[in-house]
Amino acid sequence: MYMNANLFEPGKSKPERTFIQGAAKQSSRFDGRKLNEFRDVKLTFGADWGTVSVSMGETKVLAQVSCDLGTPTSARANEGTLHLNVDIKGVAFLDEVQATHDQRSLTLNSLLERTFRSSRCLDLESLCIAVEQHVWCVRVDINVLNHDGNLYDASTIAALAALMHFRRPDVSYIDDQIRTYSERERELMPLLFLHYPVSVTYCVYKSTPQPLVDPTLLEENAADSIIVLSFNSYQELCTLNAGGTAPTNVRTIMQCARSAAKRSKALVQFIRKALELDTECRQQPKQVTGLVNLLNSTASKLSFKRLMEEEQQMDVNVVQANQINATEPVQLPETTNEDQSEAPTTQTSVTPMDDSSWLPQEENEKSKEKSEENDQTRLKEITPANAKAVKSKSNRGKNKPGKKQQPMSKKQNHSDSEEEVTQII
């Protein structure tokens, strides 16, 4: 008897949708997280270069990067190629028809190509060996081991970590011949990046305006709308995908964008820290994890929360140490007495600064009048014959409006005419 298997998938039945939307309205989730809380991300690197296993809760993804020599396209003859492929057939969904798997694979492939190929995160020109003849063709294969929601974020993190972990062999092109060097002859070369994109997924329900981040499969199937944002480490938008029936305004999208930008930057730092730990582990003998250990979950995993907490604790310790060093009294050297004896000589050579610029207007005028009077006294001492003209000019300037008129002196023996002696009322 045929039964609609679509009801067996989590979140597809009406009671489940009603329950999830009611819980979102009360700001509660099925797994006990907050609405803006992420699941822990765990990375595990394999023995081969470019092999990475990513787990986000119960969602597990395995990524493998490989490269081969090929011919470039006619449109971009000096660039290599990047191909991404997602295989979701390993998930045992009780779905209605087989076409649902293909539809999800196509949607996931298109989103990954927009994130990595359209944004041009990889420097494809560095993959060129000979223009219009030979280039490197890089391929990323993503296998979904278990699907418990937010498969796109897990696939993006796995693809980025695998590309950053991958090493290609060095080649030389001499006399129309390509020679590929082994790892013993020459050191393997990493891929060059222009930026590092990471995606963050949000679910929107009609029952609440607050978006829900990092959804599980139950929450993802019961959502009315899904928003996918991809940012790089420079907090630049790479991809925006929004679809569904729930109305979303600009304020909701901007709220999601701010949170996604911070999350993407933190994830890129986590991947770099994990790569540093992997290189240290590879220098030790017999410490590299194989593919069987990756599938059996017996390998040591690098946790996002643990590494970020350790890094924050180290930063706090550095700040505290700097504060302690700043509070300690500074011991002056023994040559302080000599410096103090030399200090007065240096101070006498420095010219005094003019502080009249910051004074009010009236004070500036008073200071100018004082300077003029000082100049008059100096001129009288030096050239007494020219004191008449200087005094007349200063008296004329004092009769101008806006300045206080000073009473004229009774004795004016230096005047030549009677008009200057008589006071005009």
# chains A, B, ... in the order shown; residues from 1 in each chain; ligands from 1
$ select_by_dssp --residues "stretch 134-239 of chain A" --states "helix (DSSP H, G or I)" --output "PyMOL selection string"
chain A and resi 151-165+217-221
$ residues_around --residues "A:Thr156" --least-positions-apart "4" --cutoff "10 Å" --atoms "only C-alpha atoms" --output "NGL selection string"
:A and (54 or 61 or 63 or 108 or 111-112 or 115-116 or 142 or 151-152 or 160-162 or 197-200 or 230)
$ atom_distance --atom1 "atom CA of A:Ser28" --atom2 "atom CA of A:Pro10"
18.1 Å
$ atom_distance --atom1 "atom CA of A:Arg139" --atom2 "atom CA of A:Glu280"
26.5 Å
$ select_by_dssp --residues "stretch 147-211 of chain A" --states "strand (DSSP E or B)" --output "ChimeraX atom specification"
/A:167-168,171-174,177-180,189-190,193,198-205,208-211
$ residues_around --residues "stretch 232-247 of chain A" --least-positions-apart "3" --cutoff "8 Å" --atoms "only C-alpha atoms" --output "list in words"
Arg114, Thr115, Ser119, His195, Tyr196, Pro197, Val198, Val204, Tyr205, Lys206, Asp224, Ser225, Ile226, Ile227, Val228, Leu229, Ala261, Lys262, Ser264, Lys265 and Val268 of chain A
$ write_last_selection --atoms "N, CA, C and O atoms" --output "PDB file, in the first residue's frame"
ATOM      1  N   ARG A 114      27.635  30.034  -6.333  1.00  0.00           N
ATOM      2  CA  ARG A 114      27.516  31.488  -6.167  1.00  0.00           C
ATOM      3  C   ARG A 114      28.448  32.009  -5.080  1.00  0.00           C
ATOM      4  O   ARG A 114      28.983  33.111  -5.182  1.00  0.00           O
ATOM      5  N   THR A 115      28.655  31.202  -4.046  1.00  0.00           N
ATOM      6  CA  THR A 115      29.500  31.650  -2.931  1.00  0.00           C
ATOM      7  C   THR A 115      30.975  31.620  -3.291  1.00  0.00           C
ATOM      8  O   THR A 115      31.716  32.559  -2.962  1.00  0.00           O
ATOM      9  N   SER A 119      31.757  34.806  -6.514  1.00  0.00           N
ATOM     10  CA  SER A 119      32.474  35.809  -5.716  1.00  0.00           C
ATOM     11  C   SER A 119      33.968  35.826  -5.985  1.00  0.00           C
ATOM     12  O   SER A 119      34.662  36.727  -5.493  1.00  0.00           O
ATOM     13  N   HIS A 195      39.690  36.189  -0.907  1.00  0.00           N
ATOM     14  CA  HIS A 195      38.918  36.382   0.321  1.00  0.00           C
ATOM     15  C   HIS A 195      38.366  35.033   0.739  1.00  0.00           C
ATOM     16  O   HIS A 195      38.468  34.043  -0.004  1.00  0.00           O
ATOM     17  N   TYR A 196      37.769  34.984   1.939  1.00  0.00           N
ATOM     18  CA  TYR A 196      37.318  33.721   2.527  1.00  0.00           C
ATOM     19  C   TYR A 196      35.828  33.831   2.869  1.00  0.00           C
ATOM     20  O   TYR A 196      35.471  34.379   3.909  1.00  0.00           O
ATOM     21  N   PRO A 197      34.941  33.317   2.014  1.00  0.00           N
ATOM     22  CA  PRO A 197      33.497  33.448   2.285  1.00  0.00           C
ATOM     23  C   PRO A 197      32.974  32.331   3.180  1.00  0.00           C
ATOM     24  O   PRO A 197      33.381  31.170   3.076  1.00  0.00           O
ATOM     25  N   VAL A 198      32.059  32.701   4.065  1.00  0.00           N
ATOM     26  CA  VAL A 198      31.371  31.760   4.956  1.00  0.00           C
ATOM     27  C   VAL A 198      29.901  32.170   5.008  1.00  0.00           C
ATOM     28  O   VAL A 198      29.597  33.370   5.043  1.00  0.00           O
ATOM     29  N   VAL A 204      12.742  32.341   9.231  1.00  0.00           N
ATOM     30  CA  VAL A 204      11.772  33.359   9.610  1.00  0.00           C
ATOM     31  C   VAL A 204      10.401  32.714   9.675  1.00  0.00           C
ATOM     32  O   VAL A 204      10.010  31.971   8.760  1.00  0.00           O
ATOM     33  N   TYR A 205       9.660  32.995  10.761  1.00  0.00           N
ATOM     34  CA  TYR A 205       8.309  32.469  10.956  1.00  0.00           C
ATOM     35  C   TYR A 205       7.317  33.632  10.987  1.00  0.00           C
ATOM     36  O   TYR A 205       7.651  34.751  11.392  1.00  0.00           O
ATOM     37  N   LYS A 206       6.138  33.348  10.577  1.00  0.00           N
ATOM     38  CA  LYS A 206       5.084  34.364  10.602  1.00  0.00           C
ATOM     39  C   LYS A 206       4.617  34.677  12.015  1.00  0.00           C
ATOM     40  O   LYS A 206       4.065  35.745  12.269  1.00  0.00           O
ATOM     41  N   ASP A 224       8.742  29.404   7.441  1.00  0.00           N
ATOM     42  CA  ASP A 224       8.003  30.046   6.347  1.00  0.00           C
ATOM     43  C   ASP A 224       8.937  30.682   5.336  1.00  0.00           C
ATOM     44  O   ASP A 224       8.608  30.755   4.153  1.00  0.00           O
ATOM     45  N   SER A 225      10.084  31.157   5.779  1.00  0.00           N
ATOM     46  CA  SER A 225      11.081  31.751   4.888  1.00  0.00           C
ATOM     47  C   SER A 225      12.469  31.410   5.404  1.00  0.00           C
ATOM     48  O   SER A 225      12.669  31.222   6.611  1.00  0.00           O
ATOM     49  N   ILE A 226      13.430  31.343   4.467  1.00  0.00           N
ATOM     50  CA  ILE A 226      14.827  31.041   4.787  1.00  0.00           C
ATOM     51  C   ILE A 226      15.699  32.104   4.149  1.00  0.00           C
ATOM     52  O   ILE A 226      15.558  32.407   2.958  1.00  0.00           O
ATOM     53  N   ILE A 227      16.593  32.683   4.947  1.00  0.00           N
ATOM     54  CA  ILE A 227      17.520  33.704   4.482  1.00  0.00           C
ATOM     55  C   ILE A 227      18.934  33.156   4.635  1.00  0.00           C
ATOM     56  O   ILE A 227      19.319  32.710   5.718  1.00  0.00           O
ATOM     57  N   VAL A 228      19.703  33.198   3.539  1.00  0.00           N
ATOM     58  CA  VAL A 228      21.087  32.731   3.533  1.00  0.00           C
ATOM     59  C   VAL A 228      21.976  33.914   3.178  1.00  0.00           C
ATOM     60  O   VAL A 228      21.811  34.531   2.115  1.00  0.00           O
ATOM     61  N   LEU A 229      22.907  34.233   4.057  1.00  0.00           N
ATOM     62  CA  LEU A 229      23.846  35.338   3.871  1.00  0.00           C
ATOM     63  C   LEU A 229      25.265  34.799   3.912  1.00  0.00           C
ATOM     64  O   LEU A 229      25.603  34.010   4.801  1.00  0.00           O
ATOM     65  N   ALA A 261      27.896  38.799   9.626  1.00  0.00           N
ATOM     66  CA  ALA A 261      29.242  39.312   9.374  1.00  0.00           C
ATOM     67  C   ALA A 261      30.187  38.976  10.528  1.00  0.00           C
ATOM     68  O   ALA A 261      31.338  38.561  10.308  1.00  0.00           O
ATOM     69  N   LYS A 262      29.720  39.132  11.759  1.00  0.00           N
ATOM     70  CA  LYS A 262      30.554  38.785  12.912  1.00  0.00           C
ATOM     71  C   LYS A 262      30.815  37.279  12.977  1.00  0.00           C
ATOM     72  O   LYS A 262      31.924  36.840  13.271  1.00  0.00           O
ATOM     73  N   SER A 264      30.867  35.124  10.451  1.00  0.00           N
ATOM     74  CA  SER A 264      31.768  34.711   9.374  1.00  0.00           C
ATOM     75  C   SER A 264      33.220  35.040   9.717  1.00  0.00           C
ATOM     76  O   SER A 264      34.120  34.228   9.471  1.00  0.00           O
ATOM     77  N   LYS A 265      33.440  36.204  10.274  1.00  0.00           N
ATOM     78  CA  LYS A 265      34.804  36.575  10.651  1.00  0.00           C
ATOM     79  C   LYS A 265      35.351  35.647  11.723  1.00  0.00           C
ATOM     80  O   LYS A 265      36.520  35.235  11.672  1.00  0.00           O
ATOM     81  N   VAL A 268      36.273  32.189  10.141  1.00  0.00           N
ATOM     82  CA  VAL A 268      37.531  32.214   9.381  1.00  0.00           C
ATOM     83  C   VAL A 268      38.722  32.174  10.331  1.00  0.00           C
ATOM     84  O   VAL A 268      39.718  31.470  10.075  1.00  0.00           O
TER      85      VAL A 268
END
$ atom_distance --atom1 "atom CA of A:Ser27" --atom2 "atom CA of A:Ser259"
17.6 Å
$ residues_around --residues "stretch 213-223 of chain A" --least-positions-apart "2" --cutoff "7 Å" --atoms "only C-alpha atoms" --output "PyMOL selection string"
chain A and resi 10-12+17+20+35-38+148-150+201-205+211+225-226
$ write_last_selection --atoms "N, CA, C and O atoms" --output "PDB file, in the first residue's frame"
ATOM      1  N   PRO A  10      10.998  14.977   9.215  1.00  0.00           N
ATOM      2  CA  PRO A  10      10.735  15.876  10.344  1.00  0.00           C
ATOM      3  C   PRO A  10      10.328  17.266   9.877  1.00  0.00           C
ATOM      4  O   PRO A  10      10.942  17.848   8.984  1.00  0.00           O
ATOM      5  N   GLY A  11       9.272  17.772  10.497  1.00  0.00           N
ATOM      6  CA  GLY A  11       8.818  19.122  10.220  1.00  0.00           C
ATOM      7  C   GLY A  11       7.848  19.261   9.077  1.00  0.00           C
ATOM      8  O   GLY A  11       7.411  20.376   8.779  1.00  0.00           O
ATOM      9  N   LYS A  12       7.464  18.173   8.432  1.00  0.00           N
ATOM     10  CA  LYS A  12       6.554  18.269   7.293  1.00  0.00           C
ATOM     11  C   LYS A  12       5.085  18.136   7.693  1.00  0.00           C
ATOM     12  O   LYS A  12       4.205  18.571   6.950  1.00  0.00           O
ATOM     13  N   ARG A  17       4.671  21.540  12.559  1.00  0.00           N
ATOM     14  CA  ARG A  17       4.822  22.943  12.180  1.00  0.00           C
ATOM     15  C   ARG A  17       4.174  23.866  13.209  1.00  0.00           C
ATOM     16  O   ARG A  17       4.725  24.911  13.572  1.00  0.00           O
ATOM     17  N   ILE A  20       6.468  23.963  16.366  1.00  0.00           N
ATOM     18  CA  ILE A  20       7.704  24.728  16.180  1.00  0.00           C
ATOM     19  C   ILE A  20       7.407  26.228  16.121  1.00  0.00           C
ATOM     20  O   ILE A  20       8.123  27.055  16.721  1.00  0.00           O
ATOM     21  N   LEU A  35      17.379  31.863  20.394  1.00  0.00           N
ATOM     22  CA  LEU A  35      17.090  32.118  18.987  1.00  0.00           C
ATOM     23  C   LEU A  35      18.333  32.545  18.223  1.00  0.00           C
ATOM     24  O   LEU A  35      18.459  32.240  17.026  1.00  0.00           O
ATOM     25  N   ASN A  36      19.263  33.227  18.879  1.00  0.00           N
ATOM     26  CA  ASN A  36      20.481  33.707  18.220  1.00  0.00           C
ATOM     27  C   ASN A  36      21.712  32.900  18.593  1.00  0.00           C
ATOM     28  O   ASN A  36      22.837  33.396  18.487  1.00  0.00           O
ATOM     29  N   GLU A  37      21.536  31.663  19.025  1.00  0.00           N
ATOM     30  CA  GLU A  37      22.645  30.819  19.460  1.00  0.00           C
ATOM     31  C   GLU A  37      22.970  29.790  18.383  1.00  0.00           C
ATOM     32  O   GLU A  37      22.065  29.167  17.812  1.00  0.00           O
ATOM     33  N   PHE A  38      24.268  29.601  18.123  1.00  0.00           N
ATOM     34  CA  PHE A  38      24.741  28.663  17.110  1.00  0.00           C
ATOM     35  C   PHE A  38      25.128  27.332  17.769  1.00  0.00           C
ATOM     36  O   PHE A  38      25.454  27.278  18.948  1.00  0.00           O
ATOM     37  N   ASP A 148      20.942  17.079   9.598  1.00  0.00           N
ATOM     38  CA  ASP A 148      20.065  17.506  10.675  1.00  0.00           C
ATOM     39  C   ASP A 148      19.873  19.021  10.618  1.00  0.00           C
ATOM     40  O   ASP A 148      19.848  19.705  11.633  1.00  0.00           O
ATOM     41  N   GLY A 149      19.735  19.544   9.415  1.00  0.00           N
ATOM     42  CA  GLY A 149      19.490  20.963   9.253  1.00  0.00           C
ATOM     43  C   GLY A 149      20.747  21.770   9.008  1.00  0.00           C
ATOM     44  O   GLY A 149      21.863  21.361   9.375  1.00  0.00           O
ATOM     45  N   ASN A 150      20.561  22.924   8.337  1.00  0.00           N
ATOM     46  CA  ASN A 150      21.642  23.867   8.045  1.00  0.00           C
ATOM     47  C   ASN A 150      22.775  23.181   7.284  1.00  0.00           C
ATOM     48  O   ASN A 150      23.955  23.312   7.617  1.00  0.00           O
ATOM     49  N   THR A 201      22.793  30.851   7.916  1.00  0.00           N
ATOM     50  CA  THR A 201      21.397  30.624   7.534  1.00  0.00           C
ATOM     51  C   THR A 201      20.471  31.039   8.664  1.00  0.00           C
ATOM     52  O   THR A 201      20.734  30.745   9.842  1.00  0.00           O
ATOM     53  N   TYR A 202      19.364  31.693   8.284  1.00  0.00           N
ATOM     54  CA  TYR A 202      18.331  32.133   9.227  1.00  0.00           C
ATOM     55  C   TYR A 202      16.974  31.616   8.745  1.00  0.00           C
ATOM     56  O   TYR A 202      16.726  31.498   7.545  1.00  0.00           O
ATOM     57  N   CYS A 203      16.104  31.354   9.723  1.00  0.00           N
ATOM     58  CA  CYS A 203      14.723  30.958   9.450  1.00  0.00           C
ATOM     59  C   CYS A 203      13.794  32.031  10.003  1.00  0.00           C
ATOM     60  O   CYS A 203      14.008  32.548  11.107  1.00  0.00           O
ATOM     61  N   VAL A 204      12.742  32.341   9.231  1.00  0.00           N
ATOM     62  CA  VAL A 204      11.772  33.359   9.610  1.00  0.00           C
ATOM     63  C   VAL A 204      10.401  32.714   9.675  1.00  0.00           C
ATOM     64  O   VAL A 204      10.010  31.971   8.760  1.00  0.00           O
ATOM     65  N   TYR A 205       9.660  32.995  10.761  1.00  0.00           N
ATOM     66  CA  TYR A 205       8.309  32.469  10.956  1.00  0.00           C
ATOM     67  C   TYR A 205       7.317  33.632  10.987  1.00  0.00           C
ATOM     68  O   TYR A 205       7.651  34.751  11.392  1.00  0.00           O
ATOM     69  N   PRO A 211      14.194  36.485  13.824  1.00  0.00           N
ATOM     70  CA  PRO A 211      14.695  35.353  13.029  1.00  0.00           C
ATOM     71  C   PRO A 211      15.407  34.333  13.898  1.00  0.00           C
ATOM     72  O   PRO A 211      15.918  34.639  14.981  1.00  0.00           O
ATOM     73  N   SER A 225      10.084  31.157   5.779  1.00  0.00           N
ATOM     74  CA  SER A 225      11.081  31.751   4.888  1.00  0.00           C
ATOM     75  C   SER A 225      12.469  31.410   5.404  1.00  0.00           C
ATOM     76  O   SER A 225      12.669  31.222   6.611  1.00  0.00           O
ATOM     77  N   ILE A 226      13.430  31.343   4.467  1.00  0.00           N
ATOM     78  CA  ILE A 226      14.827  31.041   4.787  1.00  0.00           C
ATOM     79  C   ILE A 226      15.699  32.104   4.149  1.00  0.00           C
ATOM     80  O   ILE A 226      15.558  32.407   2.958  1.00  0.00           O
TER      81      ILE A 226
END
$ closest_residue --among "A:Asp40, A:Gln255, A:Arg167, A:Lys305" --to "A:Glu183" --atoms "only C-alpha atoms"
A:Arg167
$ closest_residue --among "A:Arg179, A:Leu124, A:Arg168, A:Leu84" --to "A:Asn143" --atoms "only C-alpha atoms"
A:Leu84
